[in-house]
file protein-v8.cif (mmCIF, C-alpha atoms and all ligand atoms)
data_input
loop_
_atom_site.label_atom_id
_atom_site.label_comp_id
_atom_site.auth_asym_id
_atom_site.auth_seq_id
_atom_site.Cartn_x
_atom_site.Cartn_y
_atom_site.Cartn_z
CA MET D 221 -37.98 -26.80 -50.46
CA ILE D 222 -39.88 -26.89 -47.19
CA ALA D 223 -42.54 -24.22 -46.65
CA THR D 224 -41.26 -21.22 -44.64
CA ALA D 225 -43.81 -21.63 -41.87
CA THR D 226 -42.71 -25.15 -40.98
CA ARG D 227 -39.01 -24.83 -41.75
CA PRO D 228 -36.77 -24.50 -38.67
CA LEU D 229 -35.09 -21.13 -38.33
CA LEU D 230 -31.68 -22.74 -38.03
CA GLU D 231 -30.62 -26.19 -39.20
CA ILE D 232 -27.16 -27.56 -38.52
CA LYS D 233 -26.21 -30.84 -40.13
CA ASP D 234 -23.11 -32.86 -39.27
CA LEU D 235 -21.03 -29.80 -38.51
CA SER D 236 -17.36 -30.39 -37.73
CA VAL D 237 -14.88 -27.65 -36.86
CA ASP D 238 -11.11 -28.02 -36.58
CA TYR D 239 -8.37 -25.90 -35.06
CA LEU D 240 -5.32 -26.47 -37.22
CA THR D 241 -2.50 -26.54 -34.70
CA ASP D 242 1.15 -27.62 -34.73
CA ARG D 243 0.08 -30.84 -33.09
CA GLY D 244 -2.40 -31.52 -35.88
CA ALA D 245 -6.10 -30.80 -36.26
CA VAL D 246 -8.04 -30.42 -33.04
CA ARG D 247 -11.67 -31.26 -33.76
CA ALA D 248 -13.52 -29.00 -31.33
CA VAL D 249 -16.95 -29.61 -32.86
CA ASP D 250 -17.60 -33.11 -34.10
CA ARG D 251 -20.58 -33.95 -36.32
CA VAL D 252 -23.05 -31.73 -34.50
CA SER D 253 -26.59 -31.64 -35.82
CA LEU D 254 -29.38 -29.56 -34.37
CA GLU D 255 -32.35 -27.43 -35.25
CA VAL D 256 -33.65 -24.25 -33.68
CA GLN D 257 -37.26 -23.25 -34.19
CA ARG D 258 -38.50 -19.69 -34.44
CA GLY D 259 -38.79 -18.12 -31.01
CA GLU D 260 -37.22 -21.11 -29.30
CA PHE D 261 -34.76 -20.82 -26.39
CA LEU D 262 -32.11 -23.51 -26.77
CA GLY D 263 -29.62 -23.91 -23.94
CA VAL D 264 -26.21 -25.44 -24.67
CA VAL D 265 -24.41 -26.76 -21.60
CA GLY D 266 -21.24 -28.67 -20.83
CA GLU D 267 -17.93 -28.23 -19.04
CA SER D 268 -15.30 -25.81 -20.19
CA GLY D 269 -13.39 -26.98 -23.27
CA CYS D 270 -16.24 -29.02 -24.77
CA GLY D 271 -16.63 -26.89 -27.90
CA LYS D 272 -19.57 -24.69 -26.96
CA SER D 273 -18.00 -21.40 -28.02
CA THR D 274 -16.55 -22.93 -31.17
CA LEU D 275 -20.02 -24.14 -32.13
CA LEU D 276 -21.48 -20.66 -31.63
CA TYR D 277 -18.70 -18.94 -33.52
CA SER D 278 -19.17 -21.28 -36.44
CA ILE D 279 -22.92 -20.64 -36.54
CA ALA D 280 -22.25 -16.90 -36.48
CA ARG D 281 -19.53 -17.37 -39.14
CA LEU D 282 -17.09 -15.59 -36.83
CA LEU D 283 -14.43 -18.30 -36.77
CA THR D 284 -10.93 -17.06 -37.40
CA PRO D 285 -7.79 -19.08 -38.21
CA PRO D 286 -6.59 -21.52 -37.04
CA ALA D 287 -10.26 -22.56 -36.80
CA GLU D 288 -12.15 -23.71 -39.87
CA ILE D 289 -15.34 -25.53 -40.70
CA ALA D 290 -14.18 -28.97 -41.85
CA SER D 291 -17.56 -30.22 -43.03
CA GLY D 292 -21.27 -29.90 -42.56
CA ASP D 293 -24.10 -27.49 -43.31
CA ILE D 294 -25.60 -24.51 -41.52
CA TRP D 295 -28.91 -23.34 -42.93
CA PHE D 296 -30.44 -20.14 -41.66
CA ASP D 297 -34.04 -19.75 -42.74
CA GLY D 298 -33.24 -21.77 -45.85
CA HIS D 299 -30.02 -19.88 -46.67
CA ASP D 300 -26.68 -21.66 -46.67
CA LEU D 301 -24.51 -19.81 -44.15
CA VAL D 302 -21.40 -21.90 -44.80
CA SER D 303 -21.00 -20.84 -48.41
CA MET D 304 -22.28 -17.30 -47.95
CA SER D 305 -19.90 -14.57 -49.12
CA ASP D 306 -18.57 -11.98 -46.68
CA SER D 307 -20.71 -9.24 -48.18
CA GLU D 308 -23.87 -11.33 -47.91
CA LEU D 309 -22.90 -12.17 -44.35
CA ARG D 310 -22.54 -8.53 -43.42
CA HIS D 311 -26.15 -8.05 -44.40
CA TYR D 312 -27.23 -11.14 -42.53
CA ARG D 313 -25.41 -10.60 -39.29
CA TRP D 314 -27.18 -8.03 -37.08
CA LYS D 315 -30.36 -8.05 -39.15
CA GLN D 316 -31.07 -11.79 -39.20
CA TYR D 317 -28.95 -12.90 -36.31
CA SER D 318 -26.68 -11.24 -33.79
CA VAL D 319 -24.19 -12.33 -31.18
CA VAL D 320 -23.67 -11.45 -27.51
CA MET D 321 -20.34 -12.54 -26.12
CA GLN D 322 -19.17 -13.34 -22.63
CA SER D 323 -17.36 -10.09 -22.03
CA ALA D 324 -18.78 -6.83 -23.30
CA MET D 325 -15.54 -5.22 -22.22
CA ASN D 326 -13.81 -6.98 -25.11
CA ALA D 327 -16.62 -6.43 -27.57
CA LEU D 328 -17.28 -2.75 -26.88
CA ASN D 329 -14.94 -0.02 -28.07
CA PRO D 330 -13.42 1.58 -24.93
CA VAL D 331 -12.91 5.00 -26.51
CA MET D 332 -16.43 5.46 -27.87
CA ASN D 333 -19.49 6.13 -25.77
CA ILE D 334 -22.50 3.81 -26.03
CA GLY D 335 -24.43 6.25 -28.22
CA GLU D 336 -21.57 6.51 -30.72
CA GLN D 337 -21.28 2.74 -30.90
CA LEU D 338 -24.97 2.35 -31.58
CA ARG D 339 -24.76 5.11 -34.18
CA ASP D 340 -21.91 3.25 -35.91
CA ALA D 341 -23.95 0.09 -36.04
CA PHE D 342 -26.95 1.91 -37.50
CA ASP D 343 -24.84 3.79 -40.03
CA ALA D 344 -23.30 0.55 -41.25
CA HIS D 345 -26.60 -1.21 -41.80
CA GLN D 346 -29.47 1.13 -42.37
CA ARG D 347 -30.19 4.62 -43.62
CA PHE D 348 -31.50 6.59 -40.68
CA THR D 349 -31.43 10.30 -39.95
CA GLY D 350 -29.45 11.44 -36.91
CA ARG D 351 -32.67 12.09 -35.05
CA GLN D 352 -34.07 8.66 -35.85
CA ILE D 353 -30.86 7.06 -34.62
CA THR D 354 -30.99 8.97 -31.34
CA ALA D 355 -34.63 8.04 -30.79
CA ARG D 356 -33.99 4.38 -31.61
CA SER D 357 -30.87 4.29 -29.42
CA GLU D 358 -32.77 5.73 -26.46
CA GLU D 359 -35.54 3.24 -27.01
CA LEU D 360 -33.07 0.35 -27.14
CA LEU D 361 -31.45 1.34 -23.85
CA ARG D 362 -34.87 1.63 -22.21
CA ILE D 363 -35.78 -1.81 -23.54
CA VAL D 364 -32.81 -3.41 -21.80
CA GLY D 365 -33.40 -1.42 -18.61
CA ILE D 366 -30.70 1.25 -18.90
CA ASP D 367 -31.43 4.95 -18.44
CA PRO D 368 -30.91 6.62 -21.86
CA VAL D 369 -28.60 9.20 -20.25
CA HIS D 370 -25.99 6.43 -20.55
CA LEU D 371 -25.81 6.92 -24.30
CA ARG D 372 -23.11 9.39 -23.26
CA SER D 373 -21.34 6.93 -20.98
CA TYR D 374 -18.18 5.08 -21.93
CA PRO D 375 -17.97 1.33 -21.31
CA HIS D 376 -15.68 1.72 -18.28
CA GLN D 377 -18.26 3.99 -16.64
CA LEU D 378 -20.86 1.22 -16.63
CA SER D 379 -21.13 -1.76 -14.31
CA GLY D 380 -20.52 -5.22 -15.76
CA GLY D 381 -24.25 -5.91 -15.84
CA MET D 382 -24.97 -2.65 -17.64
CA ARG D 383 -22.27 -3.33 -20.21
CA GLN D 384 -23.83 -6.71 -20.98
CA ARG D 385 -27.21 -4.99 -21.27
CA ALA D 386 -25.69 -2.46 -23.67
CA MET D 387 -24.39 -5.37 -25.77
CA ILE D 388 -27.84 -6.90 -25.78
CA ALA D 389 -29.32 -3.54 -26.82
CA MET D 390 -26.96 -3.55 -29.80
CA ALA D 391 -27.76 -7.14 -30.61
CA LEU D 392 -31.46 -6.20 -30.76
CA ALA D 393 -30.95 -3.03 -32.81
CA PHE D 394 -32.28 -4.61 -35.99
CA THR D 395 -34.72 -7.01 -34.32
CA PRO D 396 -33.00 -10.19 -35.53
CA GLU D 397 -34.67 -13.60 -35.62
CA LEU D 398 -31.86 -15.25 -33.68
CA VAL D 399 -29.63 -13.99 -30.87
CA ILE D 400 -26.60 -16.16 -30.17
CA MET D 401 -25.33 -15.74 -26.60
CA ASP D 402 -22.08 -17.13 -25.26
CA GLU D 403 -22.13 -17.12 -21.46
CA PRO D 404 -23.47 -13.54 -21.43
CA THR D 405 -23.88 -13.52 -17.65
CA SER D 406 -20.82 -15.43 -16.53
CA ALA D 407 -18.66 -12.40 -15.70
CA LEU D 408 -21.34 -11.04 -13.33
CA ASP D 409 -22.07 -11.59 -9.67
CA VAL D 410 -25.01 -13.80 -8.74
CA VAL D 411 -27.52 -10.98 -8.30
CA ALA D 412 -26.61 -9.30 -11.59
CA GLN D 413 -26.68 -12.68 -13.33
CA ARG D 414 -30.17 -13.37 -12.17
CA SER D 415 -31.45 -9.96 -13.13
CA LEU D 416 -29.84 -10.11 -16.58
CA MET D 417 -31.27 -13.57 -17.14
CA LEU D 418 -34.77 -12.38 -16.29
CA LYS D 419 -34.30 -9.46 -18.65
CA ILE D 420 -33.14 -11.71 -21.49
CA LYS D 421 -36.14 -13.96 -21.03
CA GLN D 422 -38.52 -11.02 -20.92
CA LEU D 423 -37.03 -9.57 -24.12
CA GLN D 424 -37.19 -12.92 -25.81
CA ARG D 425 -40.90 -13.24 -25.01
CA GLU D 426 -41.57 -9.68 -26.07
CA PHE D 427 -39.67 -9.72 -29.37
CA GLY D 428 -40.01 -13.38 -30.20
CA PHE D 429 -36.42 -13.99 -31.26
CA ALA D 430 -34.90 -17.43 -30.94
CA THR D 431 -31.88 -17.84 -28.70
CA ILE D 432 -28.97 -20.22 -28.51
CA PHE D 433 -27.70 -19.68 -25.02
CA VAL D 434 -24.41 -21.23 -23.99
CA THR D 435 -23.44 -21.69 -20.37
CA HIS D 436 -21.53 -24.09 -18.17
CA ASP D 437 -24.12 -23.49 -15.46
CA MET D 438 -27.05 -25.89 -15.58
CA SER D 439 -29.04 -24.02 -12.98
CA LEU D 440 -29.00 -20.89 -15.12
CA VAL D 441 -30.83 -22.45 -18.04
CA SER D 442 -33.06 -24.78 -16.07
CA HIS D 443 -35.92 -22.30 -15.83
CA PHE D 444 -35.39 -20.42 -19.03
CA SER D 445 -34.71 -22.76 -21.91
CA ASP D 446 -37.22 -24.78 -23.92
CA ARG D 447 -34.68 -27.40 -24.94
CA LEU D 448 -31.18 -28.27 -23.81
CA ALA D 449 -28.24 -29.62 -25.76
CA VAL D 450 -25.52 -31.19 -23.61
CA MET D 451 -22.04 -31.08 -25.13
CA TYR D 452 -19.11 -33.28 -24.22
CA ALA D 453 -15.74 -33.36 -25.97
CA GLY D 454 -16.99 -31.61 -29.10
CA GLN D 455 -20.15 -33.66 -29.47
CA ILE D 456 -23.75 -33.30 -28.47
CA VAL D 457 -24.39 -36.23 -26.17
CA GLU D 458 -28.00 -35.52 -25.26
CA ILE D 459 -30.64 -33.15 -26.55
CA GLY D 460 -34.22 -32.81 -25.46
CA GLU D 461 -36.86 -30.77 -23.74
CA THR D 462 -35.43 -28.97 -20.69
CA ALA D 463 -38.08 -29.94 -18.18
CA ARG D 464 -37.87 -33.59 -19.17
CA LEU D 465 -34.12 -33.59 -19.20
CA PHE D 466 -34.02 -32.20 -15.68
CA ALA D 467 -36.69 -34.57 -14.44
CA GLU D 468 -34.95 -37.59 -15.93
CA PRO D 469 -31.48 -37.04 -17.39
CA LYS D 470 -30.43 -40.04 -19.48
CA HIS D 471 -26.83 -39.78 -20.67
CA PRO D 472 -24.46 -40.54 -17.77
CA TYR D 473 -22.70 -37.23 -18.42
CA THR D 474 -25.98 -35.31 -18.14
CA VAL D 475 -26.74 -37.20 -14.93
CA GLY D 476 -23.37 -36.09 -13.56
CA LEU D 477 -23.89 -32.49 -14.62
CA MET D 478 -27.28 -32.40 -12.94
CA ARG D 479 -25.88 -33.78 -9.71
CA SER D 480 -23.22 -31.19 -9.45
CA PHE D 481 -24.23 -27.81 -10.78
CA PRO D 482 -20.81 -26.21 -11.03
CA SER D 483 -20.53 -23.08 -8.94
CA ILE D 484 -21.31 -19.93 -10.86
CA ARG D 485 -17.74 -18.77 -11.07
CA GLY D 486 -15.78 -21.98 -10.75
CA GLU D 487 -15.69 -22.94 -14.40
CA LEU D 488 -12.66 -25.16 -13.96
CA GLN D 489 -13.91 -26.80 -10.80
CA PRO D 490 -14.24 -30.55 -11.32
CA LEU D 491 -17.80 -31.84 -11.19
CA ALA D 492 -18.42 -33.61 -7.94
CA GLY D 493 -20.54 -36.27 -9.66
CA ILE D 494 -18.00 -36.99 -12.42
CA PRO D 495 -14.34 -37.36 -11.48
CA GLY D 496 -11.72 -36.35 -14.05
CA SER D 497 -12.00 -33.75 -16.76
CA PRO D 498 -12.89 -33.60 -20.47
CA PRO D 499 -10.26 -35.12 -22.81
CA ASP D 500 -7.66 -33.32 -24.88
CA LEU D 501 -9.49 -32.94 -28.18
CA ALA D 502 -6.25 -33.42 -30.09
CA ARG D 503 -6.41 -37.03 -28.86
CA PRO D 504 -9.96 -37.95 -27.91
CA PRO D 505 -10.44 -41.41 -26.37
CA ALA D 506 -11.44 -44.24 -28.69
CA GLY D 507 -15.00 -45.52 -28.51
CA CYS D 508 -17.35 -43.38 -26.45
CA ARG D 509 -15.48 -40.18 -25.59
CA PHE D 510 -16.96 -40.22 -22.11
CA HIS D 511 -15.89 -43.78 -21.32
CA PRO D 512 -12.83 -42.92 -19.15
CA ARG D 513 -15.14 -41.03 -16.76
CA CYS D 514 -18.35 -42.97 -17.13
CA PRO D 515 -19.74 -44.76 -14.06
CA LYS D 516 -21.79 -47.03 -16.38
CA VAL D 517 -19.02 -47.95 -18.81
CA MET D 518 -19.40 -51.29 -20.61
CA ASP D 519 -16.96 -53.32 -22.70
CA ARG D 520 -18.18 -52.05 -26.07
CA CYS D 521 -17.80 -48.41 -24.92
CA HIS D 522 -13.99 -48.72 -25.12
CA MET D 523 -13.93 -49.46 -28.85
CA GLU D 524 -17.26 -48.58 -30.46
CA GLU D 525 -18.58 -45.09 -30.83
CA PRO D 526 -22.26 -44.68 -29.92
CA GLU D 527 -24.65 -43.03 -32.39
CA PHE D 528 -27.79 -41.21 -31.30
CA TYR D 529 -30.56 -43.29 -29.87
CA ALA D 530 -34.06 -41.84 -29.55
CA GLU D 531 -36.11 -42.14 -26.41
CA GLU D 532 -39.18 -40.16 -25.35
CA GLY D 533 -38.39 -37.47 -27.90
CA ASP D 534 -34.80 -37.09 -26.66
CA LEU D 535 -31.67 -38.10 -28.51
CA ILE D 536 -28.95 -39.73 -26.45
CA ARG D 537 -25.49 -40.72 -27.64
CA CYS D 538 -25.01 -43.69 -25.33
CA PHE D 539 -25.16 -47.47 -25.72
CA LEU D 540 -27.38 -47.75 -22.66
CA PHE D 541 -30.20 -46.59 -24.94
CA ASP D 542 -29.39 -48.91 -27.83
CA SER D 543 -32.58 -50.95 -27.94
CA ASP D 544 -30.98 -53.46 -30.33
CA ALA D 545 -28.28 -54.38 -27.81
N1 LIG O 601 -7.32 -21.07 -30.56
C1 LIG O 601 -7.34 -22.39 -30.40
N2 LIG O 601 -6.36 -23.17 -30.88
C2 LIG O 601 -6.39 -24.50 -30.74
N3 LIG O 601 -7.38 -25.18 -30.14
C3 LIG O 601 -8.38 -24.47 -29.63
C4 LIG O 601 -8.42 -23.04 -29.72
N4 LIG O 601 -9.55 -22.61 -29.12
C5 LIG O 601 -10.19 -23.71 -28.69
N5 LIG O 601 -9.48 -24.82 -28.99
C6 LIG O 601 -9.86 -26.22 -28.72
O1 LIG O 601 -11.25 -26.31 -28.81
C7 LIG O 601 -11.80 -26.89 -27.64
C8 LIG O 601 -13.14 -26.28 -27.37
O2 LIG O 601 -12.99 -24.92 -27.02
P1 LIG O 601 -14.26 -23.98 -26.78
O3 LIG O 601 -15.11 -24.02 -27.99
O4 LIG O 601 -13.75 -22.66 -26.35
O5 LIG O 601 -15.00 -24.74 -25.59
P2 LIG O 601 -16.03 -24.18 -24.51
O6 LIG O 601 -16.64 -22.94 -25.04
O7 LIG O 601 -17.00 -25.31 -24.32
O8 LIG O 601 -15.24 -23.94 -23.26
C9 LIG O 601 -10.77 -26.63 -26.57
O9 LIG O 601 -10.79 -27.64 -25.60
C10 LIG O 601 -9.47 -26.68 -27.34
O10 LIG O 601 -9.05 -28.02 -27.47
S1 LIG O 602 -21.72 -45.28 -24.25
FE1 LIG O 602 -20.83 -46.34 -22.50
S2 LIG O 602 -19.18 -45.04 -21.75
FE2 LIG O 602 -20.46 -43.82 -23.12
S3 LIG O 602 -21.88 -42.81 -21.77
FE3 LIG O 602 -22.88 -44.66 -22.46
S4 LIG O 602 -22.40 -46.21 -20.94
FE4 LIG O 602 -20.99 -44.50 -20.60
MG MG O 603 -16.69 -21.03 -24.22
#

call {"tool": "encode", "arguments": {"input": "protein-v8.cif", "output": "structure tokens", "more": "lines below"}}
Ligand SMILES: Nc1ncnc2c1ncn2[C@@H]1O[C@H](COP(=O)(O)OP(=O)(O)O)[C@@H](O)[C@H]1O
Ligand code: SF4
Ligand SMILES: [Mg+2]
result
Amino acid sequence: MIATATRPLLEIKDLSVDYLTDRGAVRAVDRVSLEVQRGEFLGVVGESGCGKSTLLYSIARLLTPPAEIASGDIWFDGHDLVSMSDSELRHYRWKQYSVVMQSAMNALNPVMNIGEQLRDAFDAHQRFTGRQITARSEELLRIVGIDPVHLRSYPHQLSGGMRQRAMIAMALAFTPELVIMDEPTSALDVVAQRSLMLKIKQLQREFGFATIFVTHDMSLVSHFSDRLAVMYAGQIVEIGETARLFAEPKHPYTVGLMRSFPSIRGELQPLAGIPGSPPDLARPPAGCRFHPRCPKVMDRCHMEEPEFYAEEGDLIRCFLFDSDA
């Protein structure tokens, strides 16, 4: 076993996830491997329908039928998350890792005020006195920039930005090592997005948790993430240091994404730099999955599937970087 200090916080190896549908298995995550270090901010980007949320749900072990992990390993701090029992998971989730979803409106209970929801979370996971819970809840709201008077507010009484902050407060309740965030700002207007993003980054620096942050908006992660993973059609097609990836994107899909930051709200808007849209994952194209849209497509791309090629510390799934070719 690798020593704790050097072991990545999260290690995913060859993870594949299927949705078992009437039309057959839809492989939404295909042989994804990645590592997240302690305190690292990993951005995951890609158009809608590329498997970003499915990847996050599988890491958090929150997949529900018809989705299932088909193969692969997920190691959290040396513990096997895939084979972990539900009772072990209950202990792990919240304390070791927590999840912030796109819409707090769906995640929060509409008939309980914020204080009651925090109290529920504390009661389920730790023995605290009522007074300790109140003090900790107030502290948590202050940490995310909400006046503690809002412990008495119901979700519908808060703005979208405040609801997301309340979700983040809950996610931090037990100071986890990893916070998994699925487009946490995407339901907000531009100003609220920006302010929430700054808050997330500040909290991450302060508390030192690692983050996997999913978005379809490249500009959002450009300043905040240490590394970026670019997903296309269920696969990671490029992964590397954010600054380098922005300075010199390598995979033709990354190049296209960079050229055409999708508008903040227009998730379904086609990318100006890349005509077409991601494939139906029930029937992905043969060869390189990006070949029908790729401006650099070559003969072999139609039939052969590229593996990862390493260049300057990045990994790129594209034959253009096959040094043997
Ligand atoms: N409930 C479902 N049933 C069947 N297929 C699904 C379901 N949810 C997602 N998928 C498939 O998984 C793919 C990836 O979805 P998702 O992980 O939500 O992508 P993203 O978060 O990148 O938009 C979709 O394109 C779709 O083919
Ligand atoms: S492998 Fe071929 S089709 Fe795929 S991204 Fe590279 S050049 Fe384009
Ligand atoms: Mg999604």

call {"tool": "residues_near_ligand", "arguments": {"input": "protein-v8.cif", "ligand": "ligand LIG 601 (chain O)", "cutoff": "6 Å", "atoms": "all atoms listed in the file", "output": "list in words"}}
result
Tyr239, Thr241, Ala248, Ser268, Gly269, Cys270, Gly271, Lys272, Ser273, Thr274 and Leu501 of chain D

call {"tool": "residues_around", "arguments": {"input": "protein-v8.cif", "residues": "Met332 in chain D", "least_positions_apart": "2", "cutoff": "12 Å", "atoms": "only C-alpha atoms", "output": "JSON, numbers by chain"}}
result
{"D": [327, 328, 329, 330, 334, 335, 336, 337, 338, 339, 340, 371, 372, 373, 374, 375, 376, 377]}

call {"tool": "residues_near_ligand", "arguments": {"input": "protein-v8.cif", "ligand": "ligand MG 603 (chain O)", "cutoff": "12 Å", "atoms": "only C-alpha atoms and all ligand atoms", "output": "compact mmCIF listing (two decimals) with C-alpha atoms, keeping the file's coordinate frame"}}
result
# COMPACT_ATOMS: atom_id res chain seq x y z
CA ALA D 248 -13.52 -29.00 -31.33
CA VAL D 264 -26.21 -25.44 -24.67
CA VAL D 265 -24.41 -26.76 -21.60
CA GLY D 266 -21.24 -28.67 -20.83
CA GLU D 267 -17.93 -28.23 -19.04
CA SER D 268 -15.30 -25.81 -20.19
CA GLY D 269 -13.39 -26.98 -23.27
CA CYS D 270 -16.24 -29.02 -24.77
CA GLY D 271 -16.63 -26.89 -27.90
CA LYS D 272 -19.57 -24.69 -26.96
CA SER D 273 -18.00 -21.40 -28.02
CA THR D 274 -16.55 -22.93 -31.17
CA LEU D 275 -20.02 -24.14 -32.13
CA LEU D 276 -21.48 -20.66 -31.63
CA TYR D 277 -18.70 -18.94 -33.52
CA MET D 321 -20.34 -12.54 -26.12
CA GLN D 322 -19.17 -13.34 -22.63
CA SER D 323 -17.36 -10.09 -22.03
CA MET D 401 -25.33 -15.74 -26.60
CA ASP D 402 -22.08 -17.13 -25.26
CA GLU D 403 -22.13 -17.12 -21.46
CA PRO D 404 -23.47 -13.54 -21.43
CA SER D 406 -20.82 -15.43 -16.53
CA PHE D 433 -27.70 -19.68 -25.02
CA VAL D 434 -24.41 -21.23 -23.99
CA THR D 435 -23.44 -21.69 -20.37
CA HIS D 436 -21.53 -24.09 -18.17
CA ASP D 437 -24.12 -23.49 -15.46
CA MET D 451 -22.04 -31.08 -25.13
CA GLY D 454 -16.99 -31.61 -29.10
CA GLU D 487 -15.69 -22.94 -14.40
CA LEU D 488 -12.66 -25.16 -13.96

call {"tool": "residues_near_point", "arguments": {"input": "protein-v8.cif", "point": "(-21.0, -14.7, -36.5)", "cutoff": "9 Å", "atoms": "all atoms listed in the file", "output": "NGL selection string"}}
result
:D and (276-283 or 309 or 313 or 317-319 or 400)

call {"tool": "write_last_selection", "arguments": {"input": "protein-v8.cif", "atoms": "C-alpha atoms", "output": "mmCIF file, keeping the file's coordinate frame"}}
result
data_model
loop_
_atom_site.group_PDB
_atom_site.id
_atom_site.type_symbol
_atom_site.label_atom_id
_atom_site.label_comp_id
_atom_site.auth_asym_id
_atom_site.auth_seq_id
_atom_site.Cartn_x
_atom_site.Cartn_y
_atom_site.Cartn_z
ATOM 1 C CA LEU D 276 -21.480 -20.660 -31.630
ATOM 2 C CA TYR D 277 -18.700 -18.940 -33.520
ATOM 3 C CA SER D 278 -19.170 -21.280 -36.440
ATOM 4 C CA ILE D 279 -22.920 -20.640 -36.540
ATOM 5 C CA ALA D 280 -22.250 -16.900 -36.480
ATOM 6 C CA ARG D 281 -19.530 -17.370 -39.140
ATOM 7 C CA LEU D 282 -17.090 -15.590 -36.830
ATOM 8 C CA LEU D 283 -14.430 -18.300 -36.770
ATOM 9 C CA LEU D 309 -22.900 -12.170 -44.350
ATOM 10 C CA ARG D 313 -25.410 -10.600 -39.290
ATOM 11 C CA TYR D 317 -28.950 -12.900 -36.310
ATOM 12 C CA SER D 318 -26.680 -11.240 -33.790
ATOM 13 C CA VAL D 319 -24.190 -12.330 -31.180
ATOM 14 C CA ILE D 400 -26.600 -16.160 -30.170
#

call {"tool": "residues_near_ligand", "arguments": {"input": "protein-v8.cif", "ligand": "ligand LIG 602 (chain O)", "cutoff": "10 Å", "atoms": "all atoms listed in the file", "output": "PyMOL selection string"}}
result
chain D and resi 457+470-474+507-527+536-542

call {"tool": "closest_residue", "arguments": {"input": "protein-v8.cif", "among": "D:Met325, D:Lys419, D:Arg356, D:Asp343", "to": "Met387 in chain D", "atoms": "all atoms listed in the file"}}
result
D:Met325

call {"tool": "atom_distance", "arguments": {"input": "protein-v8.cif", "atom1": "CA of Glu255 in chain D", "atom2": "CA of Ile432 in chain D"}}
result
10.4 Å

call {"tool": "closest_residue", "arguments": {"input": "protein-v8.cif", "among": "D:Leu392, D:Ile459, D:Ala453, D:Leu535", "to": "Trp314 in chain D", "atoms": "all atoms listed in the file"}}
result
D:Leu392

call {"tool": "atom_distance", "arguments": {"input": "protein-v8.cif", "atom1": "CA of Ala467 in chain D", "atom2": "CA of Leu262 in chain D"}}
result
17.2 Å

call {"tool": "residues_near_point", "arguments": {"input": "protein-v8.cif", "point": "(-37.5, -31.7, -21.0)", "cutoff": "10 Å", "atoms": "all atoms listed in the file", "output": "ChimeraX atom specification"}}
result
/D:442,445-448,459-469,532-534

call {"tool": "closest_residue", "arguments": {"input": "protein-v8.cif", "among": "D:Asn333, D:Phe348, D:Gly263, D:Ser307", "to": "Ala449 in chain D", "atoms": "all atoms listed in the file"}}
result
D:Gly263

call {"tool": "residues_around", "arguments": {"input": "protein-v8.cif", "residues": "Ser303 in chain D", "least_positions_apart": "3", "cutoff": "12 Å", "atoms": "only C-alpha atoms", "output": "list in words"}}
result
Arg281, Ile289, Ser291, Gly292, Asp293, Ile294, Trp295, Phe296, His299, Asp300, Asp306, Ser307, Glu308 and Leu309 of chain D

call {"tool": "atom_distance", "arguments": {"input": "protein-v8.cif", "atom1": "CA of Phe444 in chain D", "atom2": "CA of Arg258 in chain D"}}
result
15.7 Å

call {"tool": "closest_residue", "arguments": {"input": "protein-v8.cif", "among": "D:Val249, D:Met478, D:Leu416, D:Val302", "to": "Ser439 in chain D", "atoms": "all atoms listed in the file"}}
result
D:Met478

call {"tool": "closest_residue", "arguments": {"input": "protein-v8.cif", "among": "D:Ile232, D:Ala245, D:Leu240, D:Val441", "to": "Arg503 in chain D", "atoms": "all atoms listed in the file"}}
result
D:Ala245

call {"tool": "build_atoms", "arguments": {"input": "protein-v8.cif", "residues": "range 352-360 of chain D", "atoms": "N, CA and C atoms", "output": "PDB file, keeping the file's coordinate frame"}}
result
ATOM      1  N   GLN D 352     -33.509  10.013 -35.966  1.00  0.00           N
ATOM      2  CA  GLN D 352     -34.070   8.660 -35.850  1.00  0.00           C
ATOM      3  C   GLN D 352     -33.129   7.751 -35.067  1.00  0.00           C
ATOM      4  N   ILE D 353     -31.833   7.908 -35.325  1.00  0.00           N
ATOM      5  CA  ILE D 353     -30.860   7.060 -34.620  1.00  0.00           C
ATOM      6  C   ILE D 353     -30.898   7.352 -33.127  1.00  0.00           C
ATOM      7  N   THR D 354     -30.939   8.622 -32.768  1.00  0.00           N
ATOM      8  CA  THR D 354     -30.990   8.970 -31.340  1.00  0.00           C
ATOM      9  C   THR D 354     -32.242   8.382 -30.691  1.00  0.00           C
ATOM     10  N   ALA D 355     -33.375   8.539 -31.362  1.00  0.00           N
ATOM     11  CA  ALA D 355     -34.630   8.040 -30.790  1.00  0.00           C
ATOM     12  C   ALA D 355     -34.570   6.520 -30.627  1.00  0.00           C
ATOM     13  N   ARG D 356     -34.064   5.853 -31.667  1.00  0.00           N
ATOM     14  CA  ARG D 356     -33.990   4.380 -31.610  1.00  0.00           C
ATOM     15  C   ARG D 356     -32.991   3.922 -30.543  1.00  0.00           C
ATOM     16  N   SER D 357     -31.874   4.653 -30.411  1.00  0.00           N
ATOM     17  CA  SER D 357     -30.870   4.290 -29.420  1.00  0.00           C
ATOM     18  C   SER D 357     -31.425   4.440 -28.012  1.00  0.00           C
ATOM     19  N   GLU D 358     -32.151   5.525 -27.780  1.00  0.00           N
ATOM     20  CA  GLU D 358     -32.770   5.730 -26.460  1.00  0.00           C
ATOM     21  C   GLU D 358     -33.761   4.612 -26.158  1.00  0.00           C
ATOM     22  N   GLU D 359     -34.541   4.295 -27.184  1.00  0.00           N
ATOM     23  CA  GLU D 359     -35.540   3.240 -27.010  1.00  0.00           C
ATOM     24  C   GLU D 359     -34.857   1.911 -26.669  1.00  0.00           C
ATOM     25  N   LEU D 360     -33.769   1.623 -27.376  1.00  0.00           N
ATOM     26  CA  LEU D 360     -33.070   0.350 -27.140  1.00  0.00           C
ATOM     27  C   LEU D 360     -32.535   0.271 -25.713  1.00  0.00           C
TER      28      LEU D 360
END
